[in-house]
>>> print(open('input.cif').read())   # mmCIF, N, CA and C atoms
data_model
loop_
_atom_site.label_atom_id
_atom_site.label_comp_id
_atom_site.auth_asym_id
_atom_site.auth_seq_id
_atom_site.Cartn_x
_atom_site.Cartn_y
_atom_site.Cartn_z
N MET A 197 31.17 17.63 28.48
CA MET A 197 31.87 16.37 28.51
C MET A 197 31.29 15.52 29.63
N ALA A 198 31.28 14.24 29.42
CA ALA A 198 30.70 13.31 30.39
C ALA A 198 31.37 13.43 31.75
N GLY A 199 30.63 13.05 32.76
CA GLY A 199 31.18 13.02 34.11
C GLY A 199 31.42 14.37 34.74
N GLY A 200 30.68 15.38 34.29
CA GLY A 200 30.83 16.70 34.90
C GLY A 200 32.08 17.42 34.49
N GLY A 201 32.67 17.03 33.37
CA GLY A 201 33.90 17.67 32.91
C GLY A 201 33.64 19.00 32.25
N TRP A 202 34.43 19.32 31.30
CA TRP A 202 34.41 20.60 30.59
C TRP A 202 33.03 20.86 29.99
N PHE A 203 32.56 22.07 30.12
CA PHE A 203 31.24 22.44 29.59
C PHE A 203 31.29 23.90 29.16
N ARG A 204 30.84 24.18 27.95
CA ARG A 204 30.75 25.55 27.45
C ARG A 204 29.42 25.71 26.73
N TRP A 205 28.88 26.90 26.81
CA TRP A 205 27.68 27.22 26.04
C TRP A 205 27.84 28.63 25.49
N PHE A 206 27.15 28.89 24.40
CA PHE A 206 27.16 30.22 23.83
C PHE A 206 26.05 30.32 22.80
N TYR A 207 25.63 31.54 22.56
CA TYR A 207 24.66 31.79 21.50
C TYR A 207 25.41 31.75 20.18
N PRO A 208 24.72 31.37 19.11
CA PRO A 208 25.40 31.24 17.80
C PRO A 208 26.13 32.50 17.36
N SER A 209 25.66 33.67 17.74
CA SER A 209 26.30 34.90 17.27
C SER A 209 27.37 35.42 18.23
N ASP A 210 27.65 34.68 19.32
CA ASP A 210 28.70 35.10 20.23
C ASP A 210 30.05 34.86 19.59
N GLY A 211 31.04 35.58 20.07
CA GLY A 211 32.37 35.43 19.52
C GLY A 211 33.39 35.24 20.61
N PRO A 212 34.56 34.72 20.24
CA PRO A 212 35.60 34.48 21.24
C PRO A 212 36.25 35.77 21.71
N SER A 213 36.61 35.79 22.96
CA SER A 213 37.38 36.91 23.49
C SER A 213 38.85 36.54 23.36
N GLY A 214 39.72 37.43 23.71
CA GLY A 214 41.15 37.17 23.62
C GLY A 214 41.59 36.01 24.49
N ALA A 215 40.89 35.75 25.60
CA ALA A 215 41.29 34.68 26.52
C ALA A 215 40.71 33.33 26.11
N GLY A 216 39.98 33.28 25.00
CA GLY A 216 39.41 32.01 24.57
C GLY A 216 38.07 31.70 25.21
N HIS A 217 37.57 32.61 26.04
CA HIS A 217 36.24 32.44 26.59
C HIS A 217 35.27 33.19 25.68
N TYR A 218 34.00 33.03 25.92
CA TYR A 218 33.03 33.62 25.01
C TYR A 218 32.27 34.75 25.67
N ARG A 219 32.04 35.76 24.87
CA ARG A 219 31.36 36.95 25.36
C ARG A 219 30.19 37.25 24.42
N PRO A 220 29.13 37.84 24.92
CA PRO A 220 28.01 38.20 24.05
C PRO A 220 28.45 39.18 22.98
N SER A 221 27.85 39.06 21.82
CA SER A 221 28.19 39.93 20.70
C SER A 221 27.55 41.30 20.83
N GLY A 222 26.63 41.48 21.79
CA GLY A 222 25.93 42.74 21.92
C GLY A 222 24.56 42.69 21.29
N ARG A 223 24.28 41.64 20.54
CA ARG A 223 22.96 41.49 19.91
C ARG A 223 22.11 40.61 20.82
N ASN A 224 21.53 41.19 21.86
CA ASN A 224 20.79 40.42 22.85
C ASN A 224 19.30 40.33 22.58
N SER A 225 18.81 40.95 21.51
CA SER A 225 17.38 40.90 21.25
C SER A 225 16.98 39.46 20.97
N GLY A 226 15.88 39.05 21.56
CA GLY A 226 15.39 37.70 21.36
C GLY A 226 16.03 36.68 22.29
N ARG A 227 16.90 37.10 23.18
CA ARG A 227 17.53 36.17 24.12
C ARG A 227 16.76 36.18 25.42
N TYR A 228 16.47 35.00 25.89
CA TYR A 228 15.70 34.86 27.12
C TYR A 228 16.59 34.39 28.25
N LYS A 229 16.11 34.58 29.47
CA LYS A 229 16.87 34.17 30.65
C LYS A 229 17.18 32.68 30.55
N LEU A 230 18.43 32.34 30.78
CA LEU A 230 18.90 30.96 30.62
C LEU A 230 19.41 30.44 31.96
N ASP A 231 18.89 29.30 32.38
CA ASP A 231 19.36 28.61 33.58
C ASP A 231 20.49 27.68 33.14
N VAL A 232 21.73 28.11 33.31
CA VAL A 232 22.89 27.36 32.82
C VAL A 232 22.99 25.99 33.50
N ALA A 233 22.67 25.92 34.79
CA ALA A 233 22.72 24.63 35.49
C ALA A 233 21.70 23.65 34.88
N ALA A 234 20.51 24.15 34.55
CA ALA A 234 19.50 23.30 33.91
C ALA A 234 19.95 22.88 32.51
N LEU A 235 20.59 23.80 31.80
CA LEU A 235 21.12 23.48 30.47
C LEU A 235 22.15 22.36 30.57
N ARG A 236 23.03 22.47 31.53
CA ARG A 236 24.06 21.46 31.70
C ARG A 236 23.44 20.10 32.05
N ARG A 237 22.49 20.09 32.97
CA ARG A 237 21.81 18.83 33.33
C ARG A 237 21.13 18.21 32.12
N LEU A 238 20.42 19.02 31.36
CA LEU A 238 19.71 18.54 30.17
C LEU A 238 20.67 17.89 29.19
N THR A 239 21.74 18.58 28.86
CA THR A 239 22.67 18.05 27.86
C THR A 239 23.43 16.83 28.37
N GLU A 240 23.87 16.87 29.64
CA GLU A 240 24.60 15.72 30.17
C GLU A 240 23.70 14.49 30.32
N ASN A 241 22.43 14.69 30.71
CA ASN A 241 21.51 13.56 30.80
C ASN A 241 21.22 12.97 29.42
N ALA A 242 21.04 13.82 28.42
CA ALA A 242 20.80 13.34 27.06
C ALA A 242 22.02 12.58 26.53
N ALA A 243 23.21 13.11 26.77
CA ALA A 243 24.43 12.45 26.31
C ALA A 243 24.61 11.11 27.02
N ALA A 244 24.32 11.05 28.31
CA ALA A 244 24.43 9.79 29.05
C ALA A 244 23.45 8.76 28.49
N ALA A 245 22.23 9.19 28.19
CA ALA A 245 21.24 8.28 27.62
C ALA A 245 21.67 7.75 26.26
N ALA A 246 22.41 8.58 25.52
CA ALA A 246 22.90 8.17 24.19
C ALA A 246 24.25 7.48 24.27
N GLY A 247 24.85 7.42 25.46
CA GLY A 247 26.16 6.77 25.62
C GLY A 247 27.31 7.59 25.07
N LEU A 248 27.19 8.92 25.13
CA LEU A 248 28.23 9.80 24.59
C LEU A 248 29.07 10.40 25.70
N ASP A 249 30.38 10.37 25.55
CA ASP A 249 31.29 11.05 26.48
C ASP A 249 31.60 12.46 26.00
N ILE A 250 31.72 12.61 24.71
CA ILE A 250 32.08 13.89 24.10
C ILE A 250 30.93 14.26 23.17
N PHE A 251 30.38 15.46 23.38
CA PHE A 251 29.15 15.78 22.67
C PHE A 251 28.98 17.28 22.56
N GLY A 252 28.08 17.66 21.71
CA GLY A 252 27.65 19.04 21.56
C GLY A 252 26.20 19.02 21.17
N GLY A 253 25.56 20.15 21.16
CA GLY A 253 24.16 20.15 20.79
C GLY A 253 23.61 21.54 20.63
N ASP A 254 22.35 21.56 20.27
CA ASP A 254 21.62 22.81 20.08
C ASP A 254 20.35 22.76 20.92
N VAL A 255 20.06 23.89 21.55
CA VAL A 255 18.91 24.00 22.44
C VAL A 255 18.13 25.26 22.08
N ILE A 256 16.82 25.16 22.16
CA ILE A 256 15.96 26.33 22.02
C ILE A 256 15.57 26.78 23.42
N VAL A 257 15.69 28.08 23.67
CA VAL A 257 15.27 28.66 24.95
C VAL A 257 13.97 29.41 24.70
N ALA A 258 12.90 28.97 25.36
CA ALA A 258 11.59 29.61 25.22
C ALA A 258 11.55 30.89 26.05
N PRO A 259 10.60 31.77 25.77
CA PRO A 259 10.47 32.99 26.57
C PRO A 259 10.32 32.71 28.06
N THR A 260 9.76 31.56 28.41
CA THR A 260 9.59 31.17 29.81
C THR A 260 10.88 30.64 30.43
N GLY A 261 11.90 30.42 29.60
CA GLY A 261 13.16 29.83 30.06
C GLY A 261 13.21 28.32 29.86
N GLU A 262 12.08 27.74 29.42
CA GLU A 262 12.06 26.29 29.17
C GLU A 262 13.07 25.94 28.09
N LEU A 263 13.79 24.84 28.30
CA LEU A 263 14.82 24.40 27.36
C LEU A 263 14.33 23.20 26.56
N THR A 264 14.57 23.24 25.26
CA THR A 264 14.23 22.11 24.39
C THR A 264 15.47 21.73 23.60
N LEU A 265 15.96 20.53 23.85
CA LEU A 265 17.11 20.02 23.12
C LEU A 265 16.65 19.60 21.74
N ILE A 266 17.22 20.18 20.69
CA ILE A 266 16.79 19.85 19.34
C ILE A 266 17.84 19.06 18.56
N ASP A 267 19.07 19.02 19.08
CA ASP A 267 20.14 18.33 18.36
C ASP A 267 21.22 17.94 19.35
N LEU A 268 21.67 16.68 19.29
CA LEU A 268 22.77 16.20 20.12
C LEU A 268 23.74 15.51 19.19
N ASN A 269 24.99 15.93 19.23
CA ASN A 269 26.00 15.42 18.29
C ASN A 269 27.14 14.73 19.02
N ASP A 270 27.56 13.59 18.50
CA ASP A 270 28.82 13.02 18.97
C ASP A 270 29.92 13.62 18.12
N TRP A 271 30.97 14.06 18.73
CA TRP A 271 32.12 14.67 18.07
C TRP A 271 31.74 15.82 17.14
N PRO A 272 31.08 16.86 17.68
CA PRO A 272 30.82 18.04 16.86
C PRO A 272 32.13 18.77 16.56
N SER A 273 32.07 19.80 15.75
CA SER A 273 33.29 20.49 15.33
C SER A 273 33.94 21.30 16.44
N PHE A 274 33.19 21.80 17.39
CA PHE A 274 33.69 22.67 18.45
C PHE A 274 34.42 23.89 17.87
N ALA A 275 34.08 24.28 16.64
CA ALA A 275 34.79 25.36 15.96
C ALA A 275 34.91 26.64 16.78
N PRO A 276 33.86 27.12 17.43
CA PRO A 276 34.00 28.38 18.17
C PRO A 276 34.88 28.29 19.41
N CYS A 277 35.15 27.07 19.88
CA CYS A 277 35.95 26.92 21.10
C CYS A 277 36.96 25.79 20.93
N ARG A 278 37.48 25.67 19.74
CA ARG A 278 38.34 24.54 19.36
C ARG A 278 39.55 24.35 20.27
N ASP A 279 40.26 25.42 20.62
CA ASP A 279 41.47 25.28 21.43
C ASP A 279 41.16 24.71 22.81
N ALA A 280 40.19 25.32 23.50
CA ALA A 280 39.82 24.84 24.83
C ALA A 280 39.23 23.44 24.77
N ALA A 281 38.39 23.18 23.77
CA ALA A 281 37.77 21.86 23.63
C ALA A 281 38.81 20.79 23.36
N SER A 282 39.77 21.07 22.50
CA SER A 282 40.77 20.05 22.17
C SER A 282 41.60 19.66 23.39
N GLU A 283 41.93 20.64 24.23
CA GLU A 283 42.67 20.33 25.46
C GLU A 283 41.82 19.49 26.41
N ALA A 284 40.56 19.86 26.58
CA ALA A 284 39.67 19.12 27.49
C ALA A 284 39.41 17.71 26.98
N ILE A 285 39.23 17.56 25.67
CA ILE A 285 39.00 16.23 25.08
C ILE A 285 40.23 15.35 25.25
N ALA A 286 41.41 15.90 24.98
CA ALA A 286 42.65 15.13 25.14
C ALA A 286 42.83 14.67 26.58
N GLU A 287 42.60 15.57 27.55
CA GLU A 287 42.71 15.20 28.96
C GLU A 287 41.71 14.11 29.33
N HIS A 288 40.48 14.23 28.86
CA HIS A 288 39.44 13.24 29.14
C HIS A 288 39.84 11.87 28.57
N LEU A 289 40.31 11.86 27.35
CA LEU A 289 40.70 10.59 26.72
C LEU A 289 41.91 9.97 27.41
N MET A 290 42.86 10.79 27.82
CA MET A 290 44.02 10.27 28.54
C MET A 290 43.61 9.65 29.87
N ARG A 291 42.69 10.28 30.57
CA ARG A 291 42.18 9.69 31.83
C ARG A 291 41.50 8.36 31.57
N ARG A 292 40.73 8.27 30.48
CA ARG A 292 40.04 7.01 30.15
C ARG A 292 41.05 5.92 29.81
N VAL A 293 42.06 6.26 29.01
CA VAL A 293 43.09 5.28 28.64
C VAL A 293 43.86 4.86 29.87
N ASP A 294 44.25 5.81 30.70
CA ASP A 294 44.99 5.52 31.91
C ASP A 294 44.20 4.58 32.82
N ALA A 295 42.91 4.86 32.99
CA ALA A 295 42.07 4.02 33.85
C ALA A 295 41.94 2.61 33.28
N ALA A 296 41.85 2.48 31.97
CA ALA A 296 41.68 1.17 31.35
C ALA A 296 42.97 0.35 31.38
N TRP A 297 44.12 0.99 31.21
CA TRP A 297 45.39 0.27 31.12
C TRP A 297 46.08 0.09 32.46
N ASN A 298 45.79 0.93 33.41
CA ASN A 298 46.51 0.90 34.68
C ASN A 298 45.60 0.56 35.85
N THR A 299 44.72 -0.38 35.65
CA THR A 299 43.81 -0.77 36.71
C THR A 299 44.61 -1.20 37.94
N GLY A 300 44.35 -0.53 39.05
CA GLY A 300 45.02 -0.88 40.30
C GLY A 300 46.41 -0.31 40.45
N LEU A 301 46.93 0.37 39.45
CA LEU A 301 48.25 0.99 39.53
C LEU A 301 48.11 2.47 39.82
N VAL A 302 49.18 3.10 40.21
CA VAL A 302 49.17 4.54 40.43
C VAL A 302 49.11 5.21 39.06
N SER A 303 48.18 6.12 38.90
CA SER A 303 48.05 6.84 37.64
C SER A 303 49.28 7.70 37.41
N SER A 304 49.73 7.78 36.15
CA SER A 304 50.88 8.62 35.85
C SER A 304 50.61 10.07 36.21
N ALA A 305 49.33 10.48 36.18
CA ALA A 305 48.98 11.85 36.55
C ALA A 305 49.13 12.07 38.05
N ASN A 306 49.16 10.99 38.83
CA ASN A 306 49.22 11.12 40.28
C ASN A 306 50.55 10.63 40.87
N GLU A 307 51.53 10.31 40.04
CA GLU A 307 52.81 9.80 40.55
C GLU A 307 53.48 10.77 41.48
N SER A 308 53.35 12.06 41.21
CA SER A 308 54.03 13.05 42.05
C SER A 308 53.44 13.10 43.45
N ALA A 309 52.23 12.57 43.62
CA ALA A 309 51.59 12.58 44.95
C ALA A 309 52.03 11.41 45.81
N VAL A 310 52.75 10.44 45.22
CA VAL A 310 53.16 9.24 45.96
C VAL A 310 54.43 9.49 46.73
#
>>> encode(input="input.cif", output="structure tokens")
Amino acid sequence: MAGGGWFRWFYPSDGPSGAGHYRPSGRNSGRYKLDVAALRRLTENAAAAAGLDIFGGDVIVAPTGELTLIDLNDWPSFAPCRDAASEAIAEHLMRRVDAAWNTGLVSSANESAV
């Protein structure tokens, strides 16, 4: 998500754990070392260039660890992480609406701090 918000990654064959986080399926053959910070920078920079706040994508990881973004989607399905994604998207959109409608006012999210 734009602005350093919610971020998840997983291999296509990974599955959800009971807590809604993702764990490897045990099929690690063909998986190369992944720099998650570099992955996040790559995807967030691409989304910013495309003007996307909410996005998903596909990346190829080379044996050297080099990342190649092959697909960037606005409003992907988020099927493997739908519950967590829907909460993060709703919070992001509420912050955007709040900022647009309450310019200069105390945010409803911060009223308890006043």
>>> resolve_selection(input="input.cif", expression="the PyMOL selection byres (((chain A and resi 230-236 and name CA) around 8) and name CA)", output="VMD selection string")
chain A and resid 203 228 to 229 237 to 240 257 261 263
>>> atom_distance(input="input.cif", atom1="atom N of His288 (chain A)", atom2="atom C of Pro208 (chain A)")
25.9 Å
>>> atom_distance(input="input.cif", atom1="CA of Arg278 (chain A)", atom2="CA of Phe206 (chain A)")
13.3 Å
>>> select_by_dssp(input="input.cif", residues="region 225-277 of chain A", states="alpha helix (DSSP H)", output="PDB file with N, CA and C atoms, in the coordinates of the input")
ATOM      1  N   VAL A 232      21.730  28.110  33.310  1.00  0.00           N
ATOM      2  CA  VAL A 232      22.890  27.360  32.820  1.00  0.00           C
ATOM      3  C   VAL A 232      22.990  25.990  33.500  1.00  0.00           C
ATOM      4  N   ALA A 233      22.670  25.920  34.790  1.00  0.00           N
ATOM      5  CA  ALA A 233      22.720  24.630  35.490  1.00  0.00           C
ATOM      6  C   ALA A 233      21.700  23.650  34.880  1.00  0.00           C
ATOM      7  N   ALA A 234      20.510  24.150  34.550  1.00  0.00           N
ATOM      8  CA  ALA A 234      19.500  23.300  33.910  1.00  0.00           C
ATOM      9  C   ALA A 234      19.950  22.880  32.510  1.00  0.00           C
ATOM     10  N   LEU A 235      20.590  23.800  31.800  1.00  0.00           N
ATOM     11  CA  LEU A 235      21.120  23.480  30.470  1.00  0.00           C
ATOM     12  C   LEU A 235      22.150  22.360  30.570  1.00  0.00           C
ATOM     13  N   ARG A 236      23.030  22.470  31.530  1.00  0.00           N
ATOM     14  CA  ARG A 236      24.060  21.460  31.700  1.00  0.00           C
ATOM     15  C   ARG A 236      23.440  20.100  32.050  1.00  0.00           C
ATOM     16  N   ARG A 237      22.490  20.090  32.970  1.00  0.00           N
ATOM     17  CA  ARG A 237      21.810  18.830  33.330  1.00  0.00           C
ATOM     18  C   ARG A 237      21.130  18.210  32.120  1.00  0.00           C
ATOM     19  N   LEU A 238      20.420  19.020  31.360  1.00  0.00           N
ATOM     20  CA  LEU A 238      19.710  18.540  30.170  1.00  0.00           C
ATOM     21  C   LEU A 238      20.670  17.890  29.190  1.00  0.00           C
ATOM     22  N   THR A 239      21.740  18.580  28.860  1.00  0.00           N
ATOM     23  CA  THR A 239      22.670  18.050  27.860  1.00  0.00           C
ATOM     24  C   THR A 239      23.430  16.830  28.370  1.00  0.00           C
ATOM     25  N   GLU A 240      23.870  16.870  29.640  1.00  0.00           N
ATOM     26  CA  GLU A 240      24.600  15.720  30.170  1.00  0.00           C
ATOM     27  C   GLU A 240      23.700  14.490  30.320  1.00  0.00           C
ATOM     28  N   ASN A 241      22.430  14.690  30.710  1.00  0.00           N
ATOM     29  CA  ASN A 241      21.510  13.560  30.800  1.00  0.00           C
ATOM     30  C   ASN A 241      21.220  12.970  29.420  1.00  0.00           C
ATOM     31  N   ALA A 242      21.040  13.820  28.420  1.00  0.00           N
ATOM     32  CA  ALA A 242      20.800  13.340  27.060  1.00  0.00           C
ATOM     33  C   ALA A 242      22.020  12.580  26.530  1.00  0.00           C
ATOM     34  N   ALA A 243      23.210  13.110  26.770  1.00  0.00           N
ATOM     35  CA  ALA A 243      24.430  12.450  26.310  1.00  0.00           C
ATOM     36  C   ALA A 243      24.610  11.110  27.020  1.00  0.00           C
ATOM     37  N   ALA A 244      24.320  11.050  28.310  1.00  0.00           N
ATOM     38  CA  ALA A 244      24.430   9.790  29.050  1.00  0.00           C
ATOM     39  C   ALA A 244      23.450   8.760  28.490  1.00  0.00           C
ATOM     40  N   ALA A 245      22.230   9.190  28.190  1.00  0.00           N
ATOM     41  CA  ALA A 245      21.240   8.280  27.620  1.00  0.00           C
ATOM     42  C   ALA A 245      21.670   7.750  26.260  1.00  0.00           C
ATOM     43  N   ALA A 246      22.410   8.580  25.520  1.00  0.00           N
ATOM     44  CA  ALA A 246      22.900   8.170  24.190  1.00  0.00           C
ATOM     45  C   ALA A 246      24.250   7.480  24.270  1.00  0.00           C
TER      46      ALA A 246
END
>>> resolve_selection(input="input.cif", expression="the PyMOL selection byres ((chain A and resi 252-255) around 8)", output="list in words")
Met197, Thr239, Ala243, Asp249, Ile250, Phe251, Ile256, Val257, Ala258, Glu262, Leu263, Thr264, Leu265, Ile266, Asp267, Leu268, Asn269, Asp270, Trp271, Pro272, Ser273 and Phe274 of chain A
>>> build_atoms(input="input.cif", residues="region 226-238 of chain A", atoms="N, CA, C and O atoms", output="PDB file, in the frame of the given file")
ATOM      1  N   GLY A 226      15.880  39.050  21.560  1.00  0.00           N
ATOM      2  CA  GLY A 226      15.390  37.700  21.360  1.00  0.00           C
ATOM      3  C   GLY A 226      16.030  36.680  22.290  1.00  0.00           C
ATOM      4  O   GLY A 226      15.723  35.503  22.207  1.00  0.00           O
ATOM      5  N   ARG A 227      16.900  37.100  23.180  1.00  0.00           N
ATOM      6  CA  ARG A 227      17.530  36.170  24.120  1.00  0.00           C
ATOM      7  C   ARG A 227      16.760  36.180  25.420  1.00  0.00           C
ATOM      8  O   ARG A 227      16.461  37.223  25.971  1.00  0.00           O
ATOM      9  N   TYR A 228      16.470  35.000  25.890  1.00  0.00           N
ATOM     10  CA  TYR A 228      15.700  34.860  27.120  1.00  0.00           C
ATOM     11  C   TYR A 228      16.590  34.390  28.250  1.00  0.00           C
ATOM     12  O   TYR A 228      17.680  33.873  28.024  1.00  0.00           O
ATOM     13  N   LYS A 229      16.110  34.580  29.470  1.00  0.00           N
ATOM     14  CA  LYS A 229      16.870  34.170  30.650  1.00  0.00           C
ATOM     15  C   LYS A 229      17.180  32.680  30.550  1.00  0.00           C
ATOM     16  O   LYS A 229      16.312  31.863  30.273  1.00  0.00           O
ATOM     17  N   LEU A 230      18.430  32.340  30.780  1.00  0.00           N
ATOM     18  CA  LEU A 230      18.900  30.960  30.620  1.00  0.00           C
ATOM     19  C   LEU A 230      19.410  30.440  31.960  1.00  0.00           C
ATOM     20  O   LEU A 230      20.268  31.063  32.585  1.00  0.00           O
ATOM     21  N   ASP A 231      18.890  29.300  32.380  1.00  0.00           N
ATOM     22  CA  ASP A 231      19.360  28.610  33.580  1.00  0.00           C
ATOM     23  C   ASP A 231      20.490  27.680  33.140  1.00  0.00           C
ATOM     24  O   ASP A 231      20.241  26.601  32.606  1.00  0.00           O
ATOM     25  N   VAL A 232      21.730  28.110  33.310  1.00  0.00           N
ATOM     26  CA  VAL A 232      22.890  27.360  32.820  1.00  0.00           C
ATOM     27  C   VAL A 232      22.990  25.990  33.500  1.00  0.00           C
ATOM     28  O   VAL A 232      23.338  25.002  32.865  1.00  0.00           O
ATOM     29  N   ALA A 233      22.670  25.920  34.790  1.00  0.00           N
ATOM     30  CA  ALA A 233      22.720  24.630  35.490  1.00  0.00           C
ATOM     31  C   ALA A 233      21.700  23.650  34.880  1.00  0.00           C
ATOM     32  O   ALA A 233      22.004  22.467  34.693  1.00  0.00           O
ATOM     33  N   ALA A 234      20.510  24.150  34.550  1.00  0.00           N
ATOM     34  CA  ALA A 234      19.500  23.300  33.910  1.00  0.00           C
ATOM     35  C   ALA A 234      19.950  22.880  32.510  1.00  0.00           C
ATOM     36  O   ALA A 234      19.728  21.742  32.091  1.00  0.00           O
ATOM     37  N   LEU A 235      20.590  23.800  31.800  1.00  0.00           N
ATOM     38  CA  LEU A 235      21.120  23.480  30.470  1.00  0.00           C
ATOM     39  C   LEU A 235      22.150  22.360  30.570  1.00  0.00           C
ATOM     40  O   LEU A 235      22.134  21.398  29.799  1.00  0.00           O
ATOM     41  N   ARG A 236      23.030  22.470  31.530  1.00  0.00           N
ATOM     42  CA  ARG A 236      24.060  21.460  31.700  1.00  0.00           C
ATOM     43  C   ARG A 236      23.440  20.100  32.050  1.00  0.00           C
ATOM     44  O   ARG A 236      23.824  19.082  31.492  1.00  0.00           O
ATOM     45  N   ARG A 237      22.490  20.090  32.970  1.00  0.00           N
ATOM     46  CA  ARG A 237      21.810  18.830  33.330  1.00  0.00           C
ATOM     47  C   ARG A 237      21.130  18.210  32.120  1.00  0.00           C
ATOM     48  O   ARG A 237      21.239  17.007  31.879  1.00  0.00           O
ATOM     49  N   LEU A 238      20.420  19.020  31.360  1.00  0.00           N
ATOM     50  CA  LEU A 238      19.710  18.540  30.170  1.00  0.00           C
ATOM     51  C   LEU A 238      20.670  17.890  29.190  1.00  0.00           C
ATOM     52  O   LEU A 238      20.442  16.766  28.735  1.00  0.00           O
TER      53      LEU A 238
END
